[in-house]
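Working notes, beginning with the structure itself.
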Amino acid sequence: MAGFAASHPGEWEPSRAAISGLAKTFADGYRQAMHQHRRGQLIYACRGVMEIITAQGRWRVPPQRAIWMPAGVEHQLLAHGEVELRSLYLAADAVPAHFPSQPRAVTVTPLLRELILQALAFTADGPQDRRQHLLLALIPEEVQWSAEQALYLPQPEDARLQRICSALLLHPGDARSLTRWGAQVGASSRTLARLFQQELGMSYRLWRQQLTVQAALPRLAQGEQVSRIASDLGYDTLGAFGALFRRLMGVSPSEYAQSLQQP
């Protein structure tokens with residue numbers, strides 16, 4: 001490992017260090033322009049909910065998760081609530097061979113979180129002692145890929161599906177059936193159902209379920225009542241929403257909200 005450089009925006013790109021770091025705060029509603037990096041990026045926010053968007057899809061990322069963004073992949077960040085960004089940028093020779101060539105969600109264990117924060121505390125000009133070298137070498141080894149499907153929402157190429165998905169992203173509680181959507185976009189429900197499976201690899205129903213869970217994450221982080229969120233997202237009962245959330249996220253909405261209060 002050649003070294004580490006903690007840097008300001010834009011300063012890490014020419015760095016000769018194997019790992020460069022960036023700490024920055026984004027206000028609620030901040031939206032980056034689409035961009036790409038010459039280095040792989042581990043995008044992590046220790047506070048707030050990020051939305052990471054690529055041409056293929058979008059991730060809604062709570063503080064217990066991060067996103068691995070390979071070099072050269074165009075992406076942008078949206079902030080849901082104030083976001084405390086803590087990113088690491090890995091030079092090509094610091095990226096393990098088994099890391100994927102496509103973006104992927106990462107489970108941020110307590111150890112990985114502390115390693116990231118410790119790495120960002122290093123100074124660019126200070127010498128790299130044995131402890132720092134060991135901490136940096138451990139970061140890629142501690143990366144664990146998340147299996148939570150709800151964090152990722154694929155995006156379609158078909159223009160009719162794009163109209164439907166764009167409308168639902170604006171209004172996640174819209175519970176219209178494919179038959180009603182078909183009348184609006186000029187396609188049969190059977191055609192739309194086939195396109196969802198063909199282009200997105202999932203049913204319309206599952207896509208909507210993942211969208212509603214994603215829409216709930218920043219609201220839970222802001223302390224809103226679960227019953228209010230469930231109602232706004234089109235669920236008649238709190239139990240139905242809670243069961244869906246637990247199935248896709250592994251915890252109940254209240255357990256997820258409580259976990260955000262833990263350091």
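Each chain of the structure tokens is named A, B, ... in the order shown, its residues numbered from 1; ligands are numbered from 1 in display order.
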Residues near segment 223-235 of chain A, cut-off 7 Å, only C-alpha atoms, skip fewer than 3 positions along chain, as a PyMOL selection string | chain A and resi 172-175+212+216+219-220+238+240-241+253
Could you dump the residues just selected with N, CA and C atoms as a PDB file, in the first residue's frame?
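Once written, again33.pdb looks like this:
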```
ATOM      1  N   PRO A 172     -44.369   7.827  -4.744  1.00  0.00           N
ATOM      2  CA  PRO A 172     -44.235   6.397  -4.440  1.00  0.00           C
ATOM      3  C   PRO A 172     -45.509   5.740  -3.918  1.00  0.00           C
ATOM      4  N   GLY A 173     -46.440   6.531  -3.406  1.00  0.00           N
ATOM      5  CA  GLY A 173     -47.675   5.977  -2.887  1.00  0.00           C
ATOM      6  C   GLY A 173     -48.734   5.716  -3.935  1.00  0.00           C
ATOM      7  N   ASP A 174     -48.450   6.016  -5.183  1.00  0.00           N
ATOM      8  CA  ASP A 174     -49.394   5.795  -6.273  1.00  0.00           C
ATOM      9  C   ASP A 174     -49.582   4.290  -6.470  1.00  0.00           C
ATOM     10  N   ALA A 175     -50.797   3.800  -6.226  1.00  0.00           N
ATOM     11  CA  ALA A 175     -51.047   2.348  -6.251  1.00  0.00           C
ATOM     12  C   ALA A 175     -51.771   1.898  -7.512  1.00  0.00           C
ATOM     13  N   THR A 212     -41.185   1.750  -2.403  1.00  0.00           N
ATOM     14  CA  THR A 212     -41.801   2.276  -1.186  1.00  0.00           C
ATOM     15  C   THR A 212     -40.874   2.128   0.015  1.00  0.00           C
ATOM     16  N   ALA A 216     -39.220   5.229   2.241  1.00  0.00           N
ATOM     17  CA  ALA A 216     -39.394   5.321   3.691  1.00  0.00           C
ATOM     18  C   ALA A 216     -38.088   5.605   4.421  1.00  0.00           C
ATOM     19  N   ARG A 219     -37.267   9.212   5.537  1.00  0.00           N
ATOM     20  CA  ARG A 219     -38.297   9.704   6.461  1.00  0.00           C
ATOM     21  C   ARG A 219     -38.140   9.061   7.836  1.00  0.00           C
ATOM     22  N   LEU A 220     -37.779   7.792   7.855  1.00  0.00           N
ATOM     23  CA  LEU A 220     -37.483   7.147   9.132  1.00  0.00           C
ATOM     24  C   LEU A 220     -36.256   7.776   9.781  1.00  0.00           C
ATOM     25  N   LEU A 238     -50.596  -0.548   9.251  1.00  0.00           N
ATOM     26  CA  LEU A 238     -49.189  -0.472   9.631  1.00  0.00           C
ATOM     27  C   LEU A 238     -48.540  -1.847   9.565  1.00  0.00           C
ATOM     28  N   ALA A 240     -49.115  -4.314   7.459  1.00  0.00           N
ATOM     29  CA  ALA A 240     -48.757  -4.699   6.090  1.00  0.00           C
ATOM     30  C   ALA A 240     -47.455  -4.027   5.664  1.00  0.00           C
ATOM     31  N   PHE A 241     -47.310  -2.746   5.994  1.00  0.00           N
ATOM     32  CA  PHE A 241     -46.078  -2.044   5.644  1.00  0.00           C
ATOM     33  C   PHE A 241     -44.900  -2.596   6.434  1.00  0.00           C
ATOM     34  N   PRO A 253     -39.502  -1.350  10.616  1.00  0.00           N
ATOM     35  CA  PRO A 253     -39.239   0.090  10.475  1.00  0.00           C
ATOM     36  C   PRO A 253     -38.767   0.734  11.776  1.00  0.00           C
TER      37      PRO A 253
END
```
Go through segment 22-75 of chain A and flag each residue having an atom no more than 8 Å from segment 93-102 of chain A; for those, report the closest pair of atoms plus their distance in Å to one decimal, using only C-alpha atoms, ordered by chain and rising number, as a tab-separated table.
```
residue	atom	partner	partner_atom	distance
A:Gly40	CA	A:Val95	CA	7.4
A:Met69	CA	A:Gln102	CA	7.1
A:Pro70	CA	A:Ser101	CA	5.9
A:Val73	CA	A:Gln102	CA	8.0
```
**Q.** Expected answer as a PyMOL selection string: alpha helix (DSSP H) residues in segment 24-250 of chain A
**A.** chain A and resi 110-121+130-142+159-170+178-185+189-195+204-221+226-232+238-249
Contacts of segment 104-205 of chain A with segment 74-85 of chain A up to 12 Å, shortest pair per row, only C-alpha atoms, as CSV:
```
residue,atom,partner,partner_atom,distance
A:Ile116,CA,A:Leu85,CA,10.9
A:Leu117,CA,A:Leu85,CA,10.6
A:Leu120,CA,A:Leu85,CA,11.0
```
(message) One number please: atom CA of Val251 of chain A to atom CA of Asp28 of chain A, in Å, one decimal.
(response)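 Straight-line distance from atom CA of Val251 of chain A to atom CA of Asp28 of chain A works out to 25.6 Å.
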Q. What residues in segment 51-240 of chain A get the DSSP label strand (DSSP E or B)? Please answer as number ranges by chain.
A. A: 51-53, 57-61, 65-69, 75-90, 104-107, 144-145, 152-154
Just N, CA and C atoms for this one: save the residues we selected as a short mmCIF file (atom, residue, chain, number, x, y, z; two decimals), in the first residue's frame.
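This is the output file result_39.cif:
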```
data_model
loop_
_atom_site.label_atom_id
_atom_site.label_comp_id
_atom_site.auth_asym_id
_atom_site.auth_seq_id
_atom_site.Cartn_x
_atom_site.Cartn_y
_atom_site.Cartn_z
N GLU A 51 -28.79 9.01 -2.06
CA GLU A 51 -29.32 8.31 -3.22
C GLU A 51 -28.25 8.40 -4.31
N ILE A 52 -27.77 7.25 -4.75
CA ILE A 52 -26.74 7.18 -5.77
C ILE A 52 -27.39 6.71 -7.06
N ILE A 53 -27.20 7.47 -8.14
CA ILE A 53 -27.88 7.19 -9.40
C ILE A 53 -26.85 6.93 -10.49
N GLY A 57 -29.50 2.25 -12.75
CA GLY A 57 -30.41 2.20 -11.62
C GLY A 57 -29.99 3.15 -10.53
N ARG A 58 -30.66 3.01 -9.39
CA ARG A 58 -30.37 3.90 -8.26
C ARG A 58 -30.38 3.10 -6.96
N TRP A 59 -29.55 3.57 -6.02
CA TRP A 59 -29.46 2.98 -4.69
C TRP A 59 -29.89 4.02 -3.67
N ARG A 60 -30.70 3.64 -2.72
CA ARG A 60 -31.01 4.46 -1.56
C ARG A 60 -30.18 3.90 -0.41
N VAL A 61 -29.24 4.70 0.11
CA VAL A 61 -28.18 4.16 0.96
C VAL A 61 -28.26 4.74 2.37
N ARG A 65 -24.87 1.26 5.31
CA ARG A 65 -24.47 0.72 4.02
C ARG A 65 -23.58 1.74 3.29
N ALA A 66 -22.86 1.25 2.31
CA ALA A 66 -22.06 2.10 1.43
C ALA A 66 -22.24 1.57 0.01
N ILE A 67 -21.67 2.28 -0.95
CA ILE A 67 -21.72 1.84 -2.34
C ILE A 67 -20.29 1.78 -2.89
N TRP A 68 -19.96 0.65 -3.49
CA TRP A 68 -18.71 0.55 -4.22
C TRP A 68 -18.98 1.03 -5.65
N MET A 69 -18.26 2.08 -6.06
CA MET A 69 -18.41 2.64 -7.40
C MET A 69 -17.11 2.45 -8.17
N HIS A 75 -22.02 8.62 -12.29
CA HIS A 75 -22.98 8.55 -11.19
C HIS A 75 -23.21 9.94 -10.63
N GLN A 76 -24.25 10.06 -9.83
CA GLN A 76 -24.49 11.30 -9.11
C GLN A 76 -25.07 10.97 -7.74
N LEU A 77 -24.96 11.93 -6.82
CA LEU A 77 -25.44 11.76 -5.45
C LEU A 77 -26.54 12.76 -5.18
N LEU A 78 -27.61 12.29 -4.54
CA LEU A 78 -28.67 13.15 -4.03
C LEU A 78 -28.69 12.99 -2.51
N ALA A 79 -28.86 14.09 -1.80
CA ALA A 79 -28.88 14.04 -0.33
C ALA A 79 -30.32 14.11 0.16
N HIS A 80 -30.69 13.12 0.98
CA HIS A 80 -31.99 13.11 1.64
C HIS A 80 -31.74 13.39 3.12
N GLY A 81 -31.99 14.62 3.53
CA GLY A 81 -31.52 15.07 4.82
C GLY A 81 -30.07 15.49 4.70
N GLU A 82 -29.53 16.10 5.75
CA GLU A 82 -28.11 16.48 5.71
C GLU A 82 -27.25 15.22 5.68
N VAL A 83 -26.32 15.17 4.76
CA VAL A 83 -25.48 13.98 4.55
C VAL A 83 -24.04 14.30 4.91
N GLU A 84 -23.47 13.51 5.81
CA GLU A 84 -22.06 13.61 6.16
C GLU A 84 -21.30 12.55 5.36
N LEU A 85 -20.69 12.98 4.26
CA LEU A 85 -20.02 12.06 3.35
C LEU A 85 -18.60 11.76 3.84
N ARG A 86 -18.25 10.49 3.81
CA ARG A 86 -16.90 10.04 4.15
C ARG A 86 -16.50 9.01 3.10
N SER A 87 -15.86 9.46 2.04
CA SER A 87 -15.54 8.58 0.91
C SER A 87 -14.06 8.26 0.85
N LEU A 88 -13.77 7.05 0.37
CA LEU A 88 -12.40 6.65 0.09
C LEU A 88 -12.27 6.37 -1.40
N TYR A 89 -11.14 6.76 -1.97
CA TYR A 89 -10.86 6.55 -3.39
C TYR A 89 -9.65 5.63 -3.50
N LEU A 90 -9.82 4.54 -4.21
CA LEU A 90 -8.76 3.52 -4.31
C LEU A 90 -8.13 3.55 -5.69
N ARG A 104 -22.03 -1.77 -6.45
CA ARG A 104 -22.65 -2.76 -5.57
C ARG A 104 -22.73 -2.22 -4.14
N ALA A 105 -23.81 -2.59 -3.45
CA ALA A 105 -23.99 -2.15 -2.07
C ALA A 105 -23.05 -2.91 -1.14
N VAL A 106 -22.58 -2.21 -0.12
CA VAL A 106 -21.64 -2.76 0.85
C VAL A 106 -22.26 -2.65 2.24
N THR A 107 -22.16 -3.73 3.02
CA THR A 107 -22.56 -3.68 4.42
C THR A 107 -21.44 -3.03 5.23
N GLN A 144 -17.81 -6.10 2.89
CA GLN A 144 -18.75 -7.23 2.76
C GLN A 144 -19.90 -6.77 1.88
N TRP A 145 -20.20 -7.54 0.86
CA TRP A 145 -21.23 -7.15 -0.10
C TRP A 145 -22.61 -7.39 0.49
N TYR A 152 -31.45 -1.38 -4.07
CA TYR A 152 -31.20 -1.10 -5.48
C TYR A 152 -32.50 -1.11 -6.26
N LEU A 153 -32.65 -0.12 -7.12
CA LEU A 153 -33.85 -0.01 -7.94
C LEU A 153 -33.41 0.16 -9.39
N PRO A 154 -33.53 -0.90 -10.21
CA PRO A 154 -33.10 -0.78 -11.62
C PRO A 154 -34.01 0.14 -12.39
#
```
Residue contacts of Leu112 of chain A (7 Å, only C-alpha atoms) excluding same-chain residues fewer than 3 positions away, as a list in words
Val108, Thr109, Leu115, Ile116, Ile139 and Glu142 of chain A
Please write the residues from the selection above to a file, keeping C-alpha atoms, as a PDB file, in the first residue's frame.
```pdb
ATOM      1  CA  VAL A 108     -20.758  -1.244   6.719  1.00  0.00           C
ATOM      2  CA  THR A 109     -19.777  -3.238   9.777  1.00  0.00           C
ATOM      3  CA  LEU A 115     -11.540   2.082   9.689  1.00  0.00           C
ATOM      4  CA  ILE A 116     -13.001   4.645   7.265  1.00  0.00           C
ATOM      5  CA  ILE A 139     -10.139  -1.729   4.695  1.00  0.00           C
ATOM      6  CA  GLU A 142     -13.425  -5.762   5.640  1.00  0.00           C
TER       7      GLU A 142
END
```
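In this structure, atom CA of Ile19 of chain A sits 8.9 Å away from atom CA of Ala119 of chain A.
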request  = Using atom CA of Ser166 of chain A and atom CA of Leu211 of chain A as the two end points, give the distance in Å to one decimal.
outcome  =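 Those two atoms sit 11.3 Å apart.
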Env of segment 194-198 of chain A: 12 Å cut, atoms = only C-alpha atoms, seq-sep filter 2 positions within chain, self excluded. Answer as an mmCIF file with C-alpha atoms, in the first residue's frame.
```
data_model
loop_
_atom_site.group_PDB
_atom_site.id
_atom_site.type_symbol
_atom_site.label_atom_id
_atom_site.label_comp_id
_atom_site.auth_asym_id
_atom_site.auth_seq_id
_atom_site.Cartn_x
_atom_site.Cartn_y
_atom_site.Cartn_z
ATOM 1 C CA PRO A 154 -33.101 -0.784 -11.620
ATOM 2 C CA GLN A 155 -34.215 1.680 -14.274
ATOM 3 C CA PRO A 156 -35.836 0.763 -17.611
ATOM 4 C CA GLU A 157 -34.926 1.657 -21.192
ATOM 5 C CA ASP A 158 -38.414 1.250 -22.694
ATOM 6 C CA ALA A 159 -40.056 4.668 -22.996
ATOM 7 C CA ARG A 160 -43.384 3.428 -21.645
ATOM 8 C CA LEU A 161 -41.770 1.947 -18.556
ATOM 9 C CA GLN A 162 -39.735 5.104 -18.108
ATOM 10 C CA ILE A 164 -44.378 4.811 -15.303
ATOM 11 C CA CYS A 165 -41.238 4.599 -13.197
ATOM 12 C CA LEU A 178 -50.619 -2.060 -14.622
ATOM 13 C CA GLY A 182 -51.328 0.726 -19.647
ATOM 14 C CA ALA A 187 -49.725 -0.672 -23.803
ATOM 15 C CA SER A 188 -51.537 -3.690 -22.453
ATOM 16 C CA SER A 189 -50.961 -4.810 -18.882
ATOM 17 C CA ARG A 190 -49.527 -8.059 -20.232
ATOM 18 C CA THR A 191 -46.981 -6.171 -22.344
ATOM 19 C CA LEU A 192 -45.953 -3.997 -19.400
ATOM 20 C CA LEU A 200 -35.714 -4.967 -14.779
ATOM 21 C CA GLY A 201 -35.624 -8.611 -13.799
ATOM 22 C CA MET A 202 -38.578 -8.288 -11.434
ATOM 23 C CA SER A 203 -42.337 -7.841 -11.400
ATOM 24 C CA TYR A 204 -44.064 -4.477 -11.322
ATOM 25 C CA ARG A 205 -45.322 -5.331 -7.829
ATOM 26 C CA LEU A 206 -41.817 -6.036 -6.476
ATOM 27 C CA TRP A 207 -40.400 -2.900 -8.124
ATOM 28 C CA ARG A 208 -43.071 -0.817 -6.408
#
```
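Nearest residue to Ala23 of chain A among A:Leu244, A:Ala221, A:Ala91, A:Ala121 is A:Ala121, counting only C-alpha atoms.
With only C-alpha atoms as the basis for measurement, A:Val49 is the residue among A:Leu217, A:Met249, A:Val49, A:Ala17 that approaches Tyr30 of chain A most closely.
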Of A:Pro140, A:Gln36, A:Gln64, A:Arg113, the one sitting nearest Ala18 of chain A when using only C-alpha atoms is A:Pro140
Requested in this report: Measuring atom to atom with only C-alpha atoms, identify which of A:Phe245, A:Trp181, A:Tyr44, A:Phe122 is nearest to Leu168 of chain A.
Outcome: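 Residue with the minimum atom-to-atom distance to Leu168 of chain A: A:Trp181.
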